[in-house]
>>> print(open('entry_30.pdb').read())   # PDB, C-alpha atoms
ATOM      1  CA  MET A   1     117.507  89.952 147.662
ATOM      2  CA  ALA A   2     120.688  91.857 148.364
ATOM      3  CA  SER A   3     122.489  88.795 149.672
ATOM      4  CA  THR A   4     121.605  86.841 146.542
ATOM      5  CA  ASP A   5     123.166  89.524 144.386
ATOM      6  CA  VAL A   6     126.345  89.422 146.427
ATOM      7  CA  ASP A   7     126.536  85.637 146.221
ATOM      8  CA  GLN A   8     126.121  85.714 142.503
ATOM      9  CA  LEU A   9     128.932  88.208 142.332
ATOM     10  CA  GLU A  10     131.132  86.022 144.482
ATOM     11  CA  GLU A  11     130.599  83.017 142.276
ATOM     12  CA  LEU A  12     131.644  84.958 139.189
ATOM     13  CA  PRO A  13     135.073  84.060 137.873
ATOM     14  CA  GLY A  14     137.589  86.810 138.443
ATOM     15  CA  HIS A  15     136.512  87.443 142.024
ATOM     16  CA  PRO A  16     138.079  84.562 143.848
ATOM     17  CA  GLU A  17     139.253  86.796 146.691
ATOM     18  CA  HIS A  18     135.640  87.105 147.853
ATOM     19  CA  GLY A  19     135.499  83.475 148.781
ATOM     20  CA  THR A  20     134.682  80.165 147.168
ATOM     21  CA  PRO A  21     131.116  78.883 146.700
ATOM     22  CA  ARG A  22     131.857  76.236 149.313
ATOM     23  CA  ARG A  23     132.408  78.918 151.988
ATOM     24  CA  THR A  24     129.398  80.956 150.900
ATOM     25  CA  ARG A  25     126.746  78.298 151.391
ATOM     26  CA  PRO A  26     126.854  77.769 155.186
ATOM     27  CA  ARG A  27     127.365  81.519 155.707
ATOM     28  CA  ARG A  28     124.185  82.201 153.770
ATOM     29  CA  ARG A  29     122.173  79.785 155.891
ATOM     30  CA  ARG A  30     123.357  81.408 159.124
ATOM     31  CA  ARG A  31     122.673  84.926 157.808
ATOM     32  CA  GLY A  32     119.241  83.874 156.628
ATOM     33  CA  PHE A  33     118.290  82.715 160.085
ATOM     34  CA  LEU A  34     119.696  85.538 162.236
ATOM     35  CA  ALA A  35     119.706  88.431 159.814
ATOM     36  CA  GLY A  36     116.173  87.560 158.764
ATOM     37  CA  LEU A  37     114.943  87.900 162.335
ATOM     38  CA  ILE A  38     116.966  91.032 163.041
ATOM     39  CA  GLY A  39     115.952  92.438 159.677
ATOM     40  CA  VAL A  40     112.239  92.072 160.373
ATOM     41  CA  VAL A  41     112.620  93.594 163.852
ATOM     42  CA  GLY A  42     114.643  96.429 162.350
ATOM     43  CA  GLU A  43     112.084  97.052 159.655
ATOM     44  CA  LEU A  44     109.306  97.121 162.258
ATOM     45  CA  MET A  45     111.262  99.651 164.309
ATOM     46  CA  ILE A  46     111.936 101.835 161.265
ATOM     47  CA  THR A  47     108.238 101.640 160.412
ATOM     48  CA  ALA A  48     107.301 102.691 163.946
ATOM     49  CA  GLY A  49     109.754 105.599 163.712
ATOM     50  CA  VAL A  50     108.317 106.747 160.402
ATOM     51  CA  LEU A  51     104.773 106.523 161.820
ATOM     52  CA  LEU A  52     105.737 108.617 164.860
ATOM     53  CA  GLY A  53     107.342 111.176 162.569
ATOM     54  CA  LEU A  54     104.214 111.257 160.414
ATOM     55  CA  PHE A  55     102.080 111.756 163.513
ATOM     56  CA  VAL A  56     104.165 114.794 164.481
ATOM     57  CA  VAL A  57     103.798 116.207 160.958
ATOM     58  CA  TRP A  58     100.057 115.600 161.099
ATOM     59  CA  GLN A  59      99.653 117.120 164.567
ATOM     60  CA  LEU A  60     101.826 120.187 164.081
ATOM     61  CA  TRP A  61     101.110 120.973 160.453
ATOM     62  CA  TRP A  62      98.132 119.213 158.932
ATOM     63  CA  THR A  63      95.673 119.989 161.754
ATOM     64  CA  ASP A  64      96.536 123.687 161.262
ATOM     65  CA  VAL A  65      95.977 123.430 157.519
ATOM     66  CA  GLU A  66      92.604 121.760 158.015
ATOM     67  CA  ALA A  67      91.388 124.050 160.816
ATOM     68  CA  ASN A  68      92.494 127.247 159.058
ATOM     69  CA  SER A  69      90.705 126.422 155.825
ATOM     70  CA  TYR A  70      87.599 125.363 157.782
ATOM     71  CA  GLN A  71      87.674 128.556 159.857
ATOM     72  CA  ALA A  72      87.990 130.778 156.784
ATOM     73  CA  GLN A  73      84.736 129.237 155.573
ATOM     74  CA  VAL A  74      83.089 129.565 159.005
ATOM     75  CA  LEU A  75      83.930 133.276 159.141
ATOM     76  CA  GLU A  76      82.564 133.843 155.649
ATOM     77  CA  ASP A  77      79.344 131.966 156.462
ATOM     78  CA  TRP A  78      78.870 133.879 159.715
ATOM     79  CA  ARG A  79      79.335 137.278 158.044
ATOM     80  CA  GLY A  80      76.865 136.204 155.375
ATOM     81  CA  GLN A  81      74.092 135.559 157.899
ATOM     82  CA  GLY A  82      71.187 137.987 157.638
ATOM     83  CA  ASP A  83      71.262 139.118 161.273
ATOM     84  CA  VAL A  84      75.005 139.850 161.331
ATOM     85  CA  VAL A  85      75.427 143.599 160.803
ATOM     86  CA  ASP A  86      78.153 144.831 158.451
ATOM     87  CA  ALA A  87      79.706 147.737 160.372
ATOM     88  CA  PRO A  88      80.517 150.885 158.364
ATOM     89  CA  PRO A  89      84.248 151.739 158.412
ATOM     90  CA  GLN A  90      83.932 154.715 160.746
ATOM     91  CA  ALA A  91      84.497 155.270 164.452
ATOM     92  CA  GLY A  92      81.379 154.385 166.385
ATOM     93  CA  GLU A  93      80.332 156.016 169.619
ATOM     94  CA  PRO A  94      81.627 154.106 172.687
ATOM     95  CA  ARG A  95      78.720 153.248 174.984
ATOM     96  CA  THR A  96      78.752 152.017 178.563
ATOM     97  CA  ASP A  97      75.099 151.076 179.029
ATOM     98  CA  PRO A  98      74.357 147.317 179.127
ATOM     99  CA  PRO A  99      75.275 145.869 175.722
ATOM    100  CA  PRO A 100      73.001 143.552 173.707
ATOM    101  CA  LEU A 101      73.731 139.871 174.372
ATOM    102  CA  PRO A 102      74.317 137.428 171.525
ATOM    103  CA  THR A 103      71.913 134.567 171.009
ATOM    104  CA  VAL A 104      73.554 131.226 171.653
ATOM    105  CA  GLY A 105      72.581 127.977 170.004
ATOM    106  CA  GLY A 106      73.872 124.486 170.665
ATOM    107  CA  GLU A 107      77.421 123.211 170.833
ATOM    108  CA  GLY A 108      79.546 124.436 167.941
ATOM    109  CA  ASP A 109      77.222 127.350 167.062
ATOM    110  CA  VAL A 110      79.096 130.577 166.340
ATOM    111  CA  MET A 111      78.207 133.513 168.619
ATOM    112  CA  GLY A 112      80.808 135.964 167.368
ATOM    113  CA  THR A 113      84.509 136.514 166.793
ATOM    114  CA  LEU A 114      87.494 137.716 168.790
ATOM    115  CA  HIS A 115      89.847 140.478 167.620
ATOM    116  CA  VAL A 116      93.140 141.098 169.398
ATOM    117  CA  PRO A 117      94.739 144.268 167.984
ATOM    118  CA  ARG A 118      98.063 143.349 169.610
ATOM    119  CA  LEU A 119      98.248 140.259 167.413
ATOM    120  CA  GLY A 120      97.693 142.143 164.166
ATOM    121  CA  PRO A 121      94.873 143.416 161.944
ATOM    122  CA  ASP A 122      94.123 139.941 160.603
ATOM    123  CA  TYR A 123      93.685 138.345 164.006
ATOM    124  CA  GLU A 124      90.075 137.187 164.057
ATOM    125  CA  TYR A 125      88.812 133.807 165.252
ATOM    126  CA  SER A 126      85.273 132.539 165.550
ATOM    127  CA  ILE A 127      83.876 131.887 169.016
ATOM    128  CA  ALA A 128      81.618 128.849 169.273
ATOM    129  CA  GLU A 129      79.557 127.412 172.116
ATOM    130  CA  GLY A 130      81.204 124.584 174.089
ATOM    131  CA  VAL A 131      84.741 123.523 174.973
ATOM    132  CA  SER A 132      84.756 119.860 173.956
ATOM    133  CA  LEU A 133      87.651 118.905 171.701
ATOM    134  CA  GLY A 134      86.042 117.147 168.747
ATOM    135  CA  PRO A 135      83.174 119.433 167.753
ATOM    136  CA  VAL A 136      84.620 122.779 168.880
ATOM    137  CA  LEU A 137      88.286 123.205 169.794
ATOM    138  CA  ASN A 138      89.705 120.769 167.236
ATOM    139  CA  GLN A 139      87.772 122.595 164.520
ATOM    140  CA  GLY A 140      89.862 125.701 165.243
ATOM    141  CA  TYR A 141      87.219 127.602 167.209
ATOM    142  CA  ILE A 142      87.631 129.562 170.383
ATOM    143  CA  GLY A 143      85.220 127.743 172.706
ATOM    144  CA  HIS A 144      82.900 129.287 175.285
ATOM    145  CA  TYR A 145      82.605 127.421 178.606
ATOM    146  CA  PRO A 146      78.852 126.694 178.541
ATOM    147  CA  ASP A 147      78.252 127.402 182.243
ATOM    148  CA  THR A 148      79.856 130.835 182.153
ATOM    149  CA  GLN A 149      78.306 134.159 181.146
ATOM    150  CA  LEU A 150      77.861 135.484 177.620
ATOM    151  CA  PRO A 151      79.978 138.252 176.097
ATOM    152  CA  GLY A 152      78.754 141.544 177.532
ATOM    153  CA  GLU A 153      76.933 139.896 180.436
ATOM    154  CA  VAL A 154      77.756 140.769 184.058
ATOM    155  CA  GLY A 155      80.057 137.947 185.209
ATOM    156  CA  ASN A 156      82.770 136.084 183.335
ATOM    157  CA  PHE A 157      82.763 135.283 179.641
ATOM    158  CA  ALA A 158      85.235 132.372 179.800
ATOM    159  CA  THR A 159      86.827 130.859 176.707
ATOM    160  CA  ALA A 160      89.324 128.144 175.791
ATOM    161  CA  ALA A 161      91.303 127.499 172.626
ATOM    162  CA  HIS A 162      94.283 125.515 171.390
ATOM    163  CA  ARG A 163      97.717 127.006 171.760
ATOM    164  CA  GLN A 164      99.326 124.745 169.168
ATOM    165  CA  SER A 165      97.769 122.668 166.396
ATOM    166  CA  TYR A 166      94.188 122.877 165.074
ATOM    167  CA  GLY A 167      94.567 126.527 164.012
ATOM    168  CA  ALA A 168      95.828 127.504 167.494
ATOM    169  CA  PRO A 169      93.834 130.727 168.110
ATOM    170  CA  TYR A 170      95.702 131.322 171.385
ATOM    171  CA  ARG A 171      99.188 130.539 170.043
ATOM    172  CA  GLU A 172     100.550 134.005 170.887
ATOM    173  CA  ILE A 173      98.628 134.531 174.114
ATOM    174  CA  GLU A 174     101.829 135.366 176.007
ATOM    175  CA  GLN A 175     102.286 138.494 173.877
ATOM    176  CA  ILE A 176      98.990 139.978 175.078
ATOM    177  CA  VAL A 177      99.859 142.351 177.919
ATOM    178  CA  VAL A 178      97.976 144.481 180.451
ATOM    179  CA  GLY A 179      96.231 147.398 178.762
ATOM    180  CA  ASP A 180      95.715 145.595 175.430
ATOM    181  CA  SER A 181      92.233 145.423 173.941
ATOM    182  CA  LEU A 182      90.277 142.216 173.479
ATOM    183  CA  ILE A 183      87.386 142.966 171.148
ATOM    184  CA  VAL A 184      84.492 140.520 170.917
ATOM    185  CA  GLU A 185      82.400 141.077 167.816
ATOM    186  CA  THR A 186      78.837 139.764 168.001
ATOM    187  CA  ALA A 187      76.076 139.975 165.406
ATOM    188  CA  ASP A 188      75.217 143.565 166.290
ATOM    189  CA  ALA A 189      77.934 144.932 168.606
ATOM    190  CA  TYR A 190      81.642 145.251 169.313
ATOM    191  CA  LEU A 191      82.456 144.643 172.988
ATOM    192  CA  VAL A 192      85.779 146.137 174.007
ATOM    193  CA  TYR A 193      87.559 144.561 176.971
ATOM    194  CA  GLU A 194      90.898 145.662 178.399
ATOM    195  CA  VAL A 195      93.427 143.116 179.620
ATOM    196  CA  VAL A 196      93.893 143.477 183.386
ATOM    197  CA  GLY A 197      96.228 140.576 184.060
ATOM    198  CA  SER A 198      97.420 137.087 183.276
ATOM    199  CA  GLU A 199      98.671 134.141 185.277
ATOM    200  CA  VAL A 200      99.742 130.527 185.059
ATOM    201  CA  VAL A 201      97.622 128.121 187.078
ATOM    202  CA  HIS A 202      97.202 124.419 187.706
ATOM    203  CA  PRO A 203      94.644 122.704 185.419
ATOM    204  CA  SER A 204      92.361 122.038 188.397
ATOM    205  CA  GLN A 205      91.952 125.701 189.376
ATOM    206  CA  VAL A 206      88.394 126.106 188.121
ATOM    207  CA  GLU A 207      87.989 129.362 190.054
ATOM    208  CA  VAL A 208      89.577 131.250 187.155
ATOM    209  CA  ILE A 209      86.322 130.920 185.212
ATOM    210  CA  ALA A 210      84.072 131.827 188.164
ATOM    211  CA  PRO A 211      81.747 134.840 187.636
ATOM    212  CA  VAL A 212      84.277 136.840 189.625
ATOM    213  CA  PRO A 213      87.556 135.275 188.444
ATOM    214  CA  GLY A 214      89.413 133.708 191.363
ATOM    215  CA  GLU A 215      86.520 134.176 193.775
ATOM    216  CA  PRO A 216      83.922 131.436 193.293
ATOM    217  CA  GLY A 217      80.581 132.052 194.972
ATOM    218  CA  VAL A 218      80.934 135.839 194.955
ATOM    219  CA  ALA A 219      78.186 137.754 193.117
ATOM    220  CA  PRO A 220      79.647 139.532 190.081
ATOM    221  CA  THR A 221      79.353 143.262 189.439
ATOM    222  CA  GLU A 222      81.799 143.544 186.535
ATOM    223  CA  ARG A 223      81.720 142.236 182.995
ATOM    224  CA  MET A 224      84.863 140.118 182.558
ATOM    225  CA  ILE A 225      86.442 137.990 179.828
ATOM    226  CA  THR A 226      88.828 135.086 180.509
ATOM    227  CA  LEU A 227      91.032 133.299 178.002
ATOM    228  CA  THR A 228      92.383 129.875 178.965
ATOM    229  CA  THR A 229      94.854 127.731 177.067
ATOM    230  CA  CYS A 230      97.569 125.202 177.773
ATOM    231  CA  HIS A 231     100.956 126.090 179.170
ATOM    232  CA  PRO A 232     103.805 125.672 178.507
ATOM    233  CA  LEU A 233     103.744 125.139 174.754
ATOM    234  CA  PHE A 234     103.370 121.452 173.796
ATOM    235  CA  SER A 235     102.442 120.542 177.336
ATOM    236  CA  ALA A 236      99.303 120.340 179.387
ATOM    237  CA  ALA A 237     100.985 120.600 182.771
ATOM    238  CA  GLU A 238      99.605 124.079 183.454
ATOM    239  CA  ARG A 239      97.172 126.609 182.023
ATOM    240  CA  TRP A 240      97.800 130.138 180.838
ATOM    241  CA  ILE A 241      95.005 132.501 181.865
ATOM    242  CA  THR A 242      94.472 136.054 180.600
ATOM    243  CA  TYR A 243      91.769 138.291 182.116
ATOM    244  CA  GLY A 244      90.035 141.291 180.602
ATOM    245  CA  GLN A 245      87.541 143.813 181.949
ATOM    246  CA  PHE A 246      84.717 145.355 179.948
ATOM    247  CA  GLN A 247      85.304 148.972 178.939
ATOM    248  CA  HIS A 248      82.620 149.932 176.443
ATOM    249  CA  TRP A 249      80.705 148.714 173.450
ATOM    250  CA  VAL A 250      79.939 150.021 169.969
ATOM    251  CA  ASP A 251      76.750 149.459 167.995
ATOM    252  CA  LYS A 252      77.743 147.947 164.638
ATOM    253  CA  ASN A 253      75.161 150.084 162.870
ATOM    254  CA  ASP A 254      77.044 153.097 164.188
ATOM    255  CA  GLY A 255      80.581 152.010 163.273
ATOM    256  CA  MET A 256      83.614 150.250 164.690
ATOM    257  CA  PRO A 257      85.664 150.756 167.862
ATOM    258  CA  ALA A 258      88.482 153.251 167.312
ATOM    259  CA  GLU A 259      91.016 150.565 168.355
ATOM    260  CA  LEU A 260      89.950 148.300 165.534
ATOM    261  CA  LEU A 261      89.440 151.033 162.961
ATOM    262  CA  GLU A 262      92.921 152.534 163.204
ATOM    263  CA  LEU A 263      94.388 149.046 163.065
ATOM    264  CA  GLN A 264      92.528 148.171 159.873
ATOM    265  CA  GLU A 265      93.295 151.535 158.264
ATOM    266  CA  GLY A 266      96.982 151.110 159.088
ATOM    267  CA  ARG A 267      97.343 147.810 157.257
TER
ATOM    268  CA  MET B 268     109.347  92.052 155.448
ATOM    269  CA  TYR B 269     109.598  94.766 152.807
ATOM    270  CA  GLY B 270     111.868  92.489 150.806
ATOM    271  CA  ALA B 271     109.078  89.914 150.717
ATOM    272  CA  LEU B 272     106.652  92.616 149.563
ATOM    273  CA  TRP B 273     109.046  93.503 146.753
ATOM    274  CA  ARG B 274     109.311  89.861 145.651
ATOM    275  CA  VAL B 275     105.536  89.322 145.775
ATOM    276  CA  LEU B 276     104.877  92.265 143.456
ATOM    277  CA  PRO B 277     104.759  91.388 139.756
ATOM    278  CA  GLY B 278     106.306  93.234 136.875
ATOM    279  CA  PRO B 279     109.548  95.080 136.252
ATOM    280  CA  ALA B 280     111.354  97.153 138.861
ATOM    281  CA  TRP B 281     109.976 100.538 137.737
ATOM    282  CA  PHE B 282     106.439  99.170 137.984
ATOM    283  CA  ARG B 283     107.055  97.822 141.492
ATOM    284  CA  VAL B 284     108.487 101.185 142.578
ATOM    285  CA  ILE B 285     105.323 102.939 141.370
ATOM    286  CA  VAL B 286     103.082 100.400 143.130
ATOM    287  CA  LEU B 287     105.069 100.810 146.356
ATOM    288  CA  LEU B 288     104.856 104.622 146.119
ATOM    289  CA  LEU B 289     101.078 104.376 145.678
ATOM    290  CA  LEU B 290     100.882 102.040 148.682
ATOM    291  CA  ALA B 291     102.920 104.524 150.734
ATOM    292  CA  VAL B 292     100.602 107.398 149.748
ATOM    293  CA  ALA B 293      97.579 105.287 150.660
ATOM    294  CA  ALA B 294      99.126 104.463 154.045
ATOM    295  CA  VAL B 295      99.794 108.147 154.771
ATOM    296  CA  TYR B 296      96.236 109.026 153.702
ATOM    297  CA  VAL B 297      94.728 106.449 156.063
ATOM    298  CA  CYS B 298      96.967 107.706 158.876
ATOM    299  CA  PHE B 299      96.072 111.398 158.355
ATOM    300  CA  THR B 300      92.339 110.944 157.926
ATOM    301  CA  TRP B 301      91.559 108.073 160.250
ATOM    302  CA  LEU B 302      94.331 106.722 162.475
ATOM    303  CA  PHE B 303      95.848 109.973 163.820
ATOM    304  CA  PRO B 304      92.512 111.688 164.581
ATOM    305  CA  GLN B 305      91.598 108.526 166.532
ATOM    306  CA  ILE B 306      94.667 108.562 168.757
ATOM    307  CA  ALA B 307      95.150 112.356 169.109
ATOM    308  CA  PRO B 308      92.677 112.670 172.033
ATOM    309  CA  TYR B 309      94.897 110.332 174.056
ATOM    310  CA  MET B 310      97.935 112.562 173.593
ATOM    311  CA  PRO B 311      98.830 114.561 176.699
ATOM    312  CA  PHE B 312      99.436 117.957 175.044
ATOM    313  CA  ASN B 313      96.014 118.796 173.591
ATOM    314  CA  GLU B 314      94.264 119.824 176.821
ATOM    315  CA  THR B 315      93.500 123.520 176.926
ATOM    316  CA  THR B 316      90.543 123.700 179.286
ATOM    317  CA  ILE B 317      90.554 123.674 183.023
ATOM    318  CA  GLU B 318      89.240 120.588 184.739
ATOM    319  CA  GLY B 319      85.694 120.389 185.945
ATOM    320  CA  ALA B 320      84.618 121.735 182.589
ATOM    321  CA  PRO B 321      83.253 119.154 180.168
TER
END
>>> encode(input="entry_30.pdb", output="structure tokens")
Amino acid sequence: MASTDVDQLEELPGHPEHGTPRRTRPRRRRRGFLAGLIGVVGELMITAGVLLGLFVVWQLWWTDVEANSYQAQVLEDWRGQGDVVDAPPQAGEPRTDPPPLPTVGGEGDVMGTLHVPRLGPDYEYSIAEGVSLGPVLNQGYIGHYPDTQLPGEVGNFATAAHRQSYGAPYREIEQIVVGDSLIVETADAYLVYEVVGSEVVHPSQVEVIAPVPGEPGVAPTERMITLTTCHPLFSAAERWITYGQFQHWVDKNDGMPAELLELQEGR
Amino acid sequence: MYGALWRVLPGPAWFRVIVLLLLAVAAVYVCFTWLFPQIAPYMPFNETTIEGAP
């Protein structure tokens, strides 16, 4: 198309310096053969580049958009369930007797939410059963490793979530430091854990989700929580692990944990 | 390749531009809703769990 335009221009009177029609004809045939081939290859490469760019946009931006809007709905639906208590905005009494355990359904069923005061008053993500990508993690949930204990149970409540893309619940996991609270909200209780450490491990180190983290086969006496996600960002070479230990729990009929209450009042 | 597409399309230039824009939007839509979700699991950076877990 472009070459035709140029040739027409060249054949116009008043532009003889661009060459005579006699010179143009063989040049056109050669360009048609070589440039045509190179042109198609070039266009294919540009197309591949655009597709790769689009994939990056989709992965880094669109999956977040989709997961966040889905999760907003999930949270609303969960709070609307009849058995989920609406805690009054007052400090509830911290209790250290065995807390009530949430009921757990099949893969993708919501058992509660996670609050991390360090990450702001709005930090709340739904926790669902299972850690498979499609039905759980890619929907923006925090996933519960099915073979590990439940929140509040003696042993290890182990979870996984994305660190980038798909809502990325554990995006800022590196900012959670020792002494911070991890608050699991179930239908009828708030379970307050305190962060006791974090580490970077190889993806094959399954002992981090053992009932006693790091010591597989040992009978647990403590109630622990473990967060696992990928490390470093945009890589799956290693895993970031954060551990928490159970401190106390608050009955939702009684109120909220002081940690959460002062955070929500301060906003 | 794209030149051939341009020549195959009927109508004046502004009409062809609109048709091509619609085709581009359709291509992006198919990529976002079908193609990319299909290939994402094969990307190496989406693993967050430790091995041995399902």
>>> resolve_selection(input="entry_30.pdb", expression="the PyMOL selection byres ((chain A and resi 142) around 6)", output="list in words")
Ile127, Tyr141, Gly143, Ala160 and Ala161 of chain A
>>> resolve_selection(input="entry_30.pdb", expression="the PyMOL selection byres ((chain B and resi 307-315) around 10)", output="PyMOL selection string")
(chain A and resi 55+58-59+131-134+137-138+159-166+170+203+228-240) or (chain B and resi 302-306+316-318)
>>> closest_residue(input="entry_30.pdb", among="A:Val206, A:Ile183, A:Leu150, A:Val177", to="chain B", atoms="all atoms listed in the file")
A:Val206
>>> atom_distance(input="entry_30.pdb", atom1="CA of Gly82 in chain A", atom2="CA of Ser69 in chain A")
22.8 Å
>>> closest_residue(input="entry_30.pdb", among="B:Val295, B:Ala280, B:Leu290, B:Ile285", to="chain A", atoms="all atoms listed in the file")
B:Val295
>>> atom_distance(input="entry_30.pdb", atom1="CA of Ile46 in chain A", atom2="CA of Gly270 in chain B")
14.0 Å
>>> atom_distance(input="entry_30.pdb", atom1="CA of Thr242 in chain A", atom2="CA of Ala168 in chain A")
15.7 Å
>>> closest_residue(input="entry_30.pdb", among="A:Val74, A:Val195, A:Ala87, A:Ile241", to="chain B", atoms="all atoms listed in the file")
A:Ile241
>>> closest_residue(input="entry_30.pdb", among="A:Gly255, A:Gly39, A:Gly53, A:Pro121", to="chain B", atoms="only C-alpha atoms")
A:Gly39
>>> axis_aligned_box(input="entry_30.pdb", around="range 130-145 of chain A", padding_each_side="3 Å", output="JSON")
{"center_x": 85.5, "center_y": 123.4, "center_z": 171.6, "size_x": 14.7, "size_y": 18.4, "size_z": 20.1}
>>> build_atoms(input="entry_30.pdb", residues="range 227-250 of chain A", atoms="N, CA and C atoms", output="PDB file, keeping the file's coordinate frame")
ATOM      1  N   LEU A 227      90.500 134.201 179.023  1.00  0.00           N
ATOM      2  CA  LEU A 227      91.032 133.299 178.002  1.00  0.00           C
ATOM      3  C   LEU A 227      91.842 132.215 178.703  1.00  0.00           C
ATOM      4  N   THR A 228      91.581 130.961 178.384  1.00  0.00           N
ATOM      5  CA  THR A 228      92.383 129.875 178.965  1.00  0.00           C
ATOM      6  C   THR A 228      92.979 129.041 177.840  1.00  0.00           C
ATOM      7  N   THR A 229      94.228 128.639 178.026  1.00  0.00           N
ATOM      8  CA  THR A 229      94.854 127.731 177.067  1.00  0.00           C
ATOM      9  C   THR A 229      95.952 126.964 177.780  1.00  0.00           C
ATOM     10  N   CYS A 230      96.592 126.034 177.082  1.00  0.00           N
ATOM     11  CA  CYS A 230      97.569 125.202 177.773  1.00  0.00           C
ATOM     12  C   CYS A 230      98.900 125.916 177.912  1.00  0.00           C
ATOM     13  N   HIS A 231      99.672 125.477 178.861  1.00  0.00           N
ATOM     14  CA  HIS A 231     100.956 126.090 179.170  1.00  0.00           C
ATOM     15  C   HIS A 231     101.848 125.051 179.843  1.00  0.00           C
ATOM     16  N   PRO A 232     103.124 124.975 179.595  1.00  0.00           N
ATOM     17  CA  PRO A 232     103.805 125.672 178.507  1.00  0.00           C
ATOM     18  C   PRO A 232     103.447 125.085 177.144  1.00  0.00           C
ATOM     19  N   LEU A 233     104.008 125.643 176.098  1.00  0.00           N
ATOM     20  CA  LEU A 233     103.744 125.139 174.754  1.00  0.00           C
ATOM     21  C   LEU A 233     104.039 123.638 174.691  1.00  0.00           C
ATOM     22  N   PHE A 234     103.200 122.898 173.995  1.00  0.00           N
ATOM     23  CA  PHE A 234     103.370 121.452 173.796  1.00  0.00           C
ATOM     24  C   PHE A 234     103.305 120.677 175.101  1.00  0.00           C
ATOM     25  N   SER A 235     102.620 121.243 176.072  1.00  0.00           N
ATOM     26  CA  SER A 235     102.442 120.542 177.336  1.00  0.00           C
ATOM     27  C   SER A 235     101.052 120.860 177.838  1.00  0.00           C
ATOM     28  N   ALA A 236     100.584 120.047 178.766  1.00  0.00           N
ATOM     29  CA  ALA A 236      99.303 120.340 179.387  1.00  0.00           C
ATOM     30  C   ALA A 236      99.472 120.375 180.896  1.00  0.00           C
ATOM     31  N   ALA A 237     100.690 120.628 181.343  1.00  0.00           N
ATOM     32  CA  ALA A 237     100.985 120.600 182.771  1.00  0.00           C
ATOM     33  C   ALA A 237     100.301 121.746 183.501  1.00  0.00           C
ATOM     34  N   GLU A 238     100.189 122.909 182.816  1.00  0.00           N
ATOM     35  CA  GLU A 238      99.605 124.079 183.454  1.00  0.00           C
ATOM     36  C   GLU A 238      98.663 124.761 182.471  1.00  0.00           C
ATOM     37  N   ARG A 239      98.034 125.838 182.917  1.00  0.00           N
ATOM     38  CA  ARG A 239      97.172 126.609 182.023  1.00  0.00           C
ATOM     39  C   ARG A 239      97.566 128.076 182.075  1.00  0.00           C
ATOM     40  N   TRP A 240      97.577 128.708 180.913  1.00  0.00           N
ATOM     41  CA  TRP A 240      97.800 130.138 180.838  1.00  0.00           C
ATOM     42  C   TRP A 240      96.432 130.817 180.856  1.00  0.00           C
ATOM     43  N   ILE A 241      96.278 131.794 181.728  1.00  0.00           N
ATOM     44  CA  ILE A 241      95.005 132.501 181.865  1.00  0.00           C
ATOM     45  C   ILE A 241      95.242 133.993 181.639  1.00  0.00           C
ATOM     46  N   THR A 242      94.423 134.598 180.796  1.00  0.00           N
ATOM     47  CA  THR A 242      94.472 136.054 180.600  1.00  0.00           C
ATOM     48  C   THR A 242      93.086 136.614 180.895  1.00  0.00           C
ATOM     49  N   TYR A 243      93.045 137.688 181.719  1.00  0.00           N
ATOM     50  CA  TYR A 243      91.769 138.291 182.116  1.00  0.00           C
ATOM     51  C   TYR A 243      91.597 139.656 181.456  1.00  0.00           C
ATOM     52  N   GLY A 244      90.354 139.959 181.115  1.00  0.00           N
ATOM     53  CA  GLY A 244      90.035 141.291 180.602  1.00  0.00           C
ATOM     54  C   GLY A 244      88.796 141.823 181.278  1.00  0.00           C
ATOM     55  N   GLN A 245      88.693 143.169 181.330  1.00  0.00           N
ATOM     56  CA  GLN A 245      87.541 143.813 181.949  1.00  0.00           C
ATOM     57  C   GLN A 245      86.848 144.668 180.908  1.00  0.00           C
ATOM     58  N   PHE A 246      85.517 144.637 180.932  1.00  0.00           N
ATOM     59  CA  PHE A 246      84.717 145.355 179.948  1.00  0.00           C
ATOM     60  C   PHE A 246      84.927 146.862 180.077  1.00  0.00           C
ATOM     61  N   GLN A 247      85.129 147.520 178.936  1.00  0.00           N
ATOM     62  CA  GLN A 247      85.304 148.972 178.939  1.00  0.00           C
ATOM     63  C   GLN A 247      84.090 149.682 178.344  1.00  0.00           C
ATOM     64  N   HIS A 248      83.765 149.310 177.104  1.00  0.00           N
ATOM     65  CA  HIS A 248      82.620 149.932 176.443  1.00  0.00           C
ATOM     66  C   HIS A 248      82.207 149.064 175.267  1.00  0.00           C
ATOM     67  N   TRP A 249      81.115 149.442 174.635  1.00  0.00           N
ATOM     68  CA  TRP A 249      80.705 148.714 173.450  1.00  0.00           C
ATOM     69  C   TRP A 249      80.274 149.690 172.373  1.00  0.00           C
ATOM     70  N   VAL A 250      80.280 149.186 171.121  1.00  0.00           N
ATOM     71  CA  VAL A 250      79.939 150.021 169.969  1.00  0.00           C
ATOM     72  C   VAL A 250      78.877 149.294 169.148  1.00  0.00           C
TER      73      VAL A 250
END
